[in-house]
Amino acid sequence: MNSHESLGYLVSHLNIELQNELDLHLKRYQLDIKLWPVLFALWQEEGISQTELSKRCDVANYTMTRLLDQLQVQGLITRHQEADNRRAFQIFLTDEAKALEQDLICEAERVNEKFLSNLSDEEQQQFVLLLNKINRLA
């Protein structure tokens, strides 16, 4: 088997290229690719705990702490102590982070369009469907 037949290689290569391209777009907003999953998850549902956010972003809790520290310094999130658990915090977006959502989603869509541009509309839909099926999300 060569690299052009290896699912792992092809998916890994595509992931690296997608992340590098999106990272370039995010740099215009003084953000980097490591923060993208956190913001994206919070745009979908804010007020969740750091532990839940770590699970959704598939990162260790200590890594999430560093990412949240960075987002807090940049004025994009706030932490609110949970009433029933003084060690747990709910994470909320600031107005500034909410205002960035549409622009950053557009940036991500541009990156997706760039990478999918060689495929027809039907192929693009099929590709996403197949990725979801492989990832057991369908």
# chains A, B, ... in the order shown; residues from 1 in each chain; ligands from 1
>>> residues_around(residues="Val73 (chain A)", least_positions_apart="6", cutoff="12 Å", atoms="only C-alpha atoms", output="PyMOL selection string")
chain A and resi 30-31+66-67+79+94
>>> residues_around(residues="Glu21 (chain A)", least_positions_apart="3", cutoff="10 Å", atoms="only C-alpha atoms", output="PyMOL selection string")
chain A and resi 15-18+24-26+33+107-108+110-112+114-115
>>> residues_around(residues="Ile134 (chain A)", least_positions_apart="6", cutoff="12 Å", atoms="only C-alpha atoms", output="list of chain:residue names")
A:Leu7, A:Val11, A:Phe127, A:Val128
>>> select_by_dssp(residues="region 11-122 of chain A", states="strand (DSSP E or B)", output="list in words")
Ile48, Ser49, Ile77, Thr78, Arg79, His80, Gln81, Glu82, Asn85, Arg86, Arg87, Ala88, Phe89, Gln90, Ile91, Phe92 and Leu93 of chain A
>>> atom_distance(atom1="CA of Ile77 (chain A)", atom2="CA of Asp23 (chain A)")
19.9 Å
>>> atom_distance(atom1="CA of Arg28 (chain A)", atom2="CA of Gln74 (chain A)")
14.0 Å
>>> residues_around(residues="Thr78 (chain A)", least_positions_apart="5", cutoff="10 Å", atoms="only C-alpha atoms", output="number ranges by chain")
A: 47, 68-69, 71-73, 89-94
>>> write_last_selection(atoms="C-alpha atoms", output="PDB file, in the first residue's frame")
ATOM      1  CA  GLY A  47     -22.573  27.976  29.752  1.00  0.00           C
ATOM      2  CA  LEU A  68      -9.469  29.095  28.286  1.00  0.00           C
ATOM      3  CA  ASP A  69      -6.792  31.190  29.994  1.00  0.00           C
ATOM      4  CA  LEU A  71      -9.299  33.184  25.507  1.00  0.00           C
ATOM      5  CA  GLN A  72      -9.931  34.995  28.795  1.00  0.00           C
ATOM      6  CA  VAL A  73      -6.818  37.160  28.389  1.00  0.00           C
ATOM      7  CA  PHE A  89     -16.852  26.761  36.194  1.00  0.00           C
ATOM      8  CA  GLN A  90     -19.338  27.450  33.449  1.00  0.00           C
ATOM      9  CA  ILE A  91     -17.832  29.054  30.366  1.00  0.00           C
ATOM     10  CA  PHE A  92     -19.548  31.957  28.636  1.00  0.00           C
ATOM     11  CA  LEU A  93     -18.662  33.985  25.556  1.00  0.00           C
ATOM     12  CA  THR A  94     -18.190  37.732  25.780  1.00  0.00           C
TER      13      THR A  94
END
>>> decode(residues="region 1-62 of chain A", atoms="C-alpha atoms", output="PDB file, in the first residue's frame")
ATOM      1  CA  MET A   1       0.000   0.000   0.000  1.00  0.00           C
ATOM      2  CA  ASN A   2       1.274   3.490  -0.805  1.00  0.00           C
ATOM      3  CA  SER A   3       0.358   6.806   0.777  1.00  0.00           C
ATOM      4  CA  HIS A   4      -2.322   7.488  -1.853  1.00  0.00           C
ATOM      5  CA  GLU A   5      -4.171   4.338  -0.779  1.00  0.00           C
ATOM      6  CA  SER A   6      -3.839   4.793   2.987  1.00  0.00           C
ATOM      7  CA  LEU A   7      -6.948   6.215   4.642  1.00  0.00           C
ATOM      8  CA  GLY A   8      -4.922   7.285   7.683  1.00  0.00           C
ATOM      9  CA  TYR A   9      -2.349   9.112   5.590  1.00  0.00           C
ATOM     10  CA  LEU A  10      -4.931  10.812   3.368  1.00  0.00           C
ATOM     11  CA  VAL A  11      -7.121  11.966   6.260  1.00  0.00           C
ATOM     12  CA  SER A  12      -4.109  13.098   8.292  1.00  0.00           C
ATOM     13  CA  HIS A  13      -2.652  15.012   5.340  1.00  0.00           C
ATOM     14  CA  LEU A  14      -6.001  16.698   4.618  1.00  0.00           C
ATOM     15  CA  ASN A  15      -6.421  17.585   8.300  1.00  0.00           C
ATOM     16  CA  ILE A  16      -2.975  19.196   8.466  1.00  0.00           C
ATOM     17  CA  GLU A  17      -3.587  21.200   5.289  1.00  0.00           C
ATOM     18  CA  LEU A  18      -7.047  22.325   6.459  1.00  0.00           C
ATOM     19  CA  GLN A  19      -5.722  23.362   9.871  1.00  0.00           C
ATOM     20  CA  ASN A  20      -2.783  25.259   8.372  1.00  0.00           C
ATOM     21  CA  GLU A  21      -5.072  27.149   5.993  1.00  0.00           C
ATOM     22  CA  LEU A  22      -7.632  27.980   8.685  1.00  0.00           C
ATOM     23  CA  ASP A  23      -4.821  29.039  11.024  1.00  0.00           C
ATOM     24  CA  LEU A  24      -3.705  31.605   8.430  1.00  0.00           C
ATOM     25  CA  HIS A  25      -7.233  33.024   8.293  1.00  0.00           C
ATOM     26  CA  LEU A  26      -7.577  33.082  12.093  1.00  0.00           C
ATOM     27  CA  LYS A  27      -4.285  34.954  12.527  1.00  0.00           C
ATOM     28  CA  ARG A  28      -6.039  38.007  11.011  1.00  0.00           C
ATOM     29  CA  TYR A  29      -8.153  38.016  14.186  1.00  0.00           C
ATOM     30  CA  GLN A  30      -5.196  37.404  16.547  1.00  0.00           C
ATOM     31  CA  LEU A  31      -6.366  33.813  17.047  1.00  0.00           C
ATOM     32  CA  ASP A  32      -4.798  30.479  16.267  1.00  0.00           C
ATOM     33  CA  ILE A  33      -6.097  27.075  15.273  1.00  0.00           C
ATOM     34  CA  LYS A  34      -5.912  25.637  18.812  1.00  0.00           C
ATOM     35  CA  LEU A  35      -8.665  28.034  19.911  1.00  0.00           C
ATOM     36  CA  TRP A  36     -11.015  27.247  17.015  1.00  0.00           C
ATOM     37  CA  PRO A  37     -12.668  24.097  18.454  1.00  0.00           C
ATOM     38  CA  VAL A  38     -13.303  25.860  21.771  1.00  0.00           C
ATOM     39  CA  LEU A  39     -14.941  28.888  20.192  1.00  0.00           C
ATOM     40  CA  PHE A  40     -16.910  26.705  17.777  1.00  0.00           C
ATOM     41  CA  ALA A  41     -18.230  24.546  20.635  1.00  0.00           C
ATOM     42  CA  LEU A  42     -19.196  27.615  22.679  1.00  0.00           C
ATOM     43  CA  TRP A  43     -21.008  29.200  19.748  1.00  0.00           C
ATOM     44  CA  GLN A  44     -23.102  26.039  19.634  1.00  0.00           C
ATOM     45  CA  GLU A  45     -23.729  26.020  23.399  1.00  0.00           C
ATOM     46  CA  GLU A  46     -22.237  28.309  26.003  1.00  0.00           C
ATOM     47  CA  GLY A  47     -22.573  27.976  29.752  1.00  0.00           C
ATOM     48  CA  ILE A  48     -21.223  24.424  29.743  1.00  0.00           C
ATOM     49  CA  SER A  49     -18.582  23.286  32.198  1.00  0.00           C
ATOM     50  CA  GLN A  50     -14.892  23.151  31.413  1.00  0.00           C
ATOM     51  CA  THR A  51     -15.051  19.360  31.750  1.00  0.00           C
ATOM     52  CA  GLU A  52     -17.855  19.127  29.191  1.00  0.00           C
ATOM     53  CA  LEU A  53     -16.012  21.517  26.885  1.00  0.00           C
ATOM     54  CA  SER A  54     -12.875  19.353  27.150  1.00  0.00           C
ATOM     55  CA  LYS A  55     -14.903  16.311  26.078  1.00  0.00           C
ATOM     56  CA  ARG A  56     -16.515  18.119  23.159  1.00  0.00           C
ATOM     57  CA  CYS A  57     -13.148  19.410  21.943  1.00  0.00           C
ATOM     58  CA  ASP A  58     -11.405  16.110  22.644  1.00  0.00           C
ATOM     59  CA  VAL A  59      -8.607  17.661  24.718  1.00  0.00           C
ATOM     60  CA  ALA A  60      -7.324  17.004  28.218  1.00  0.00           C
ATOM     61  CA  ASN A  61      -8.758  19.159  30.998  1.00  0.00           C
ATOM     62  CA  TYR A  62      -5.359  20.740  31.750  1.00  0.00           C
TER      63      TYR A  62
END
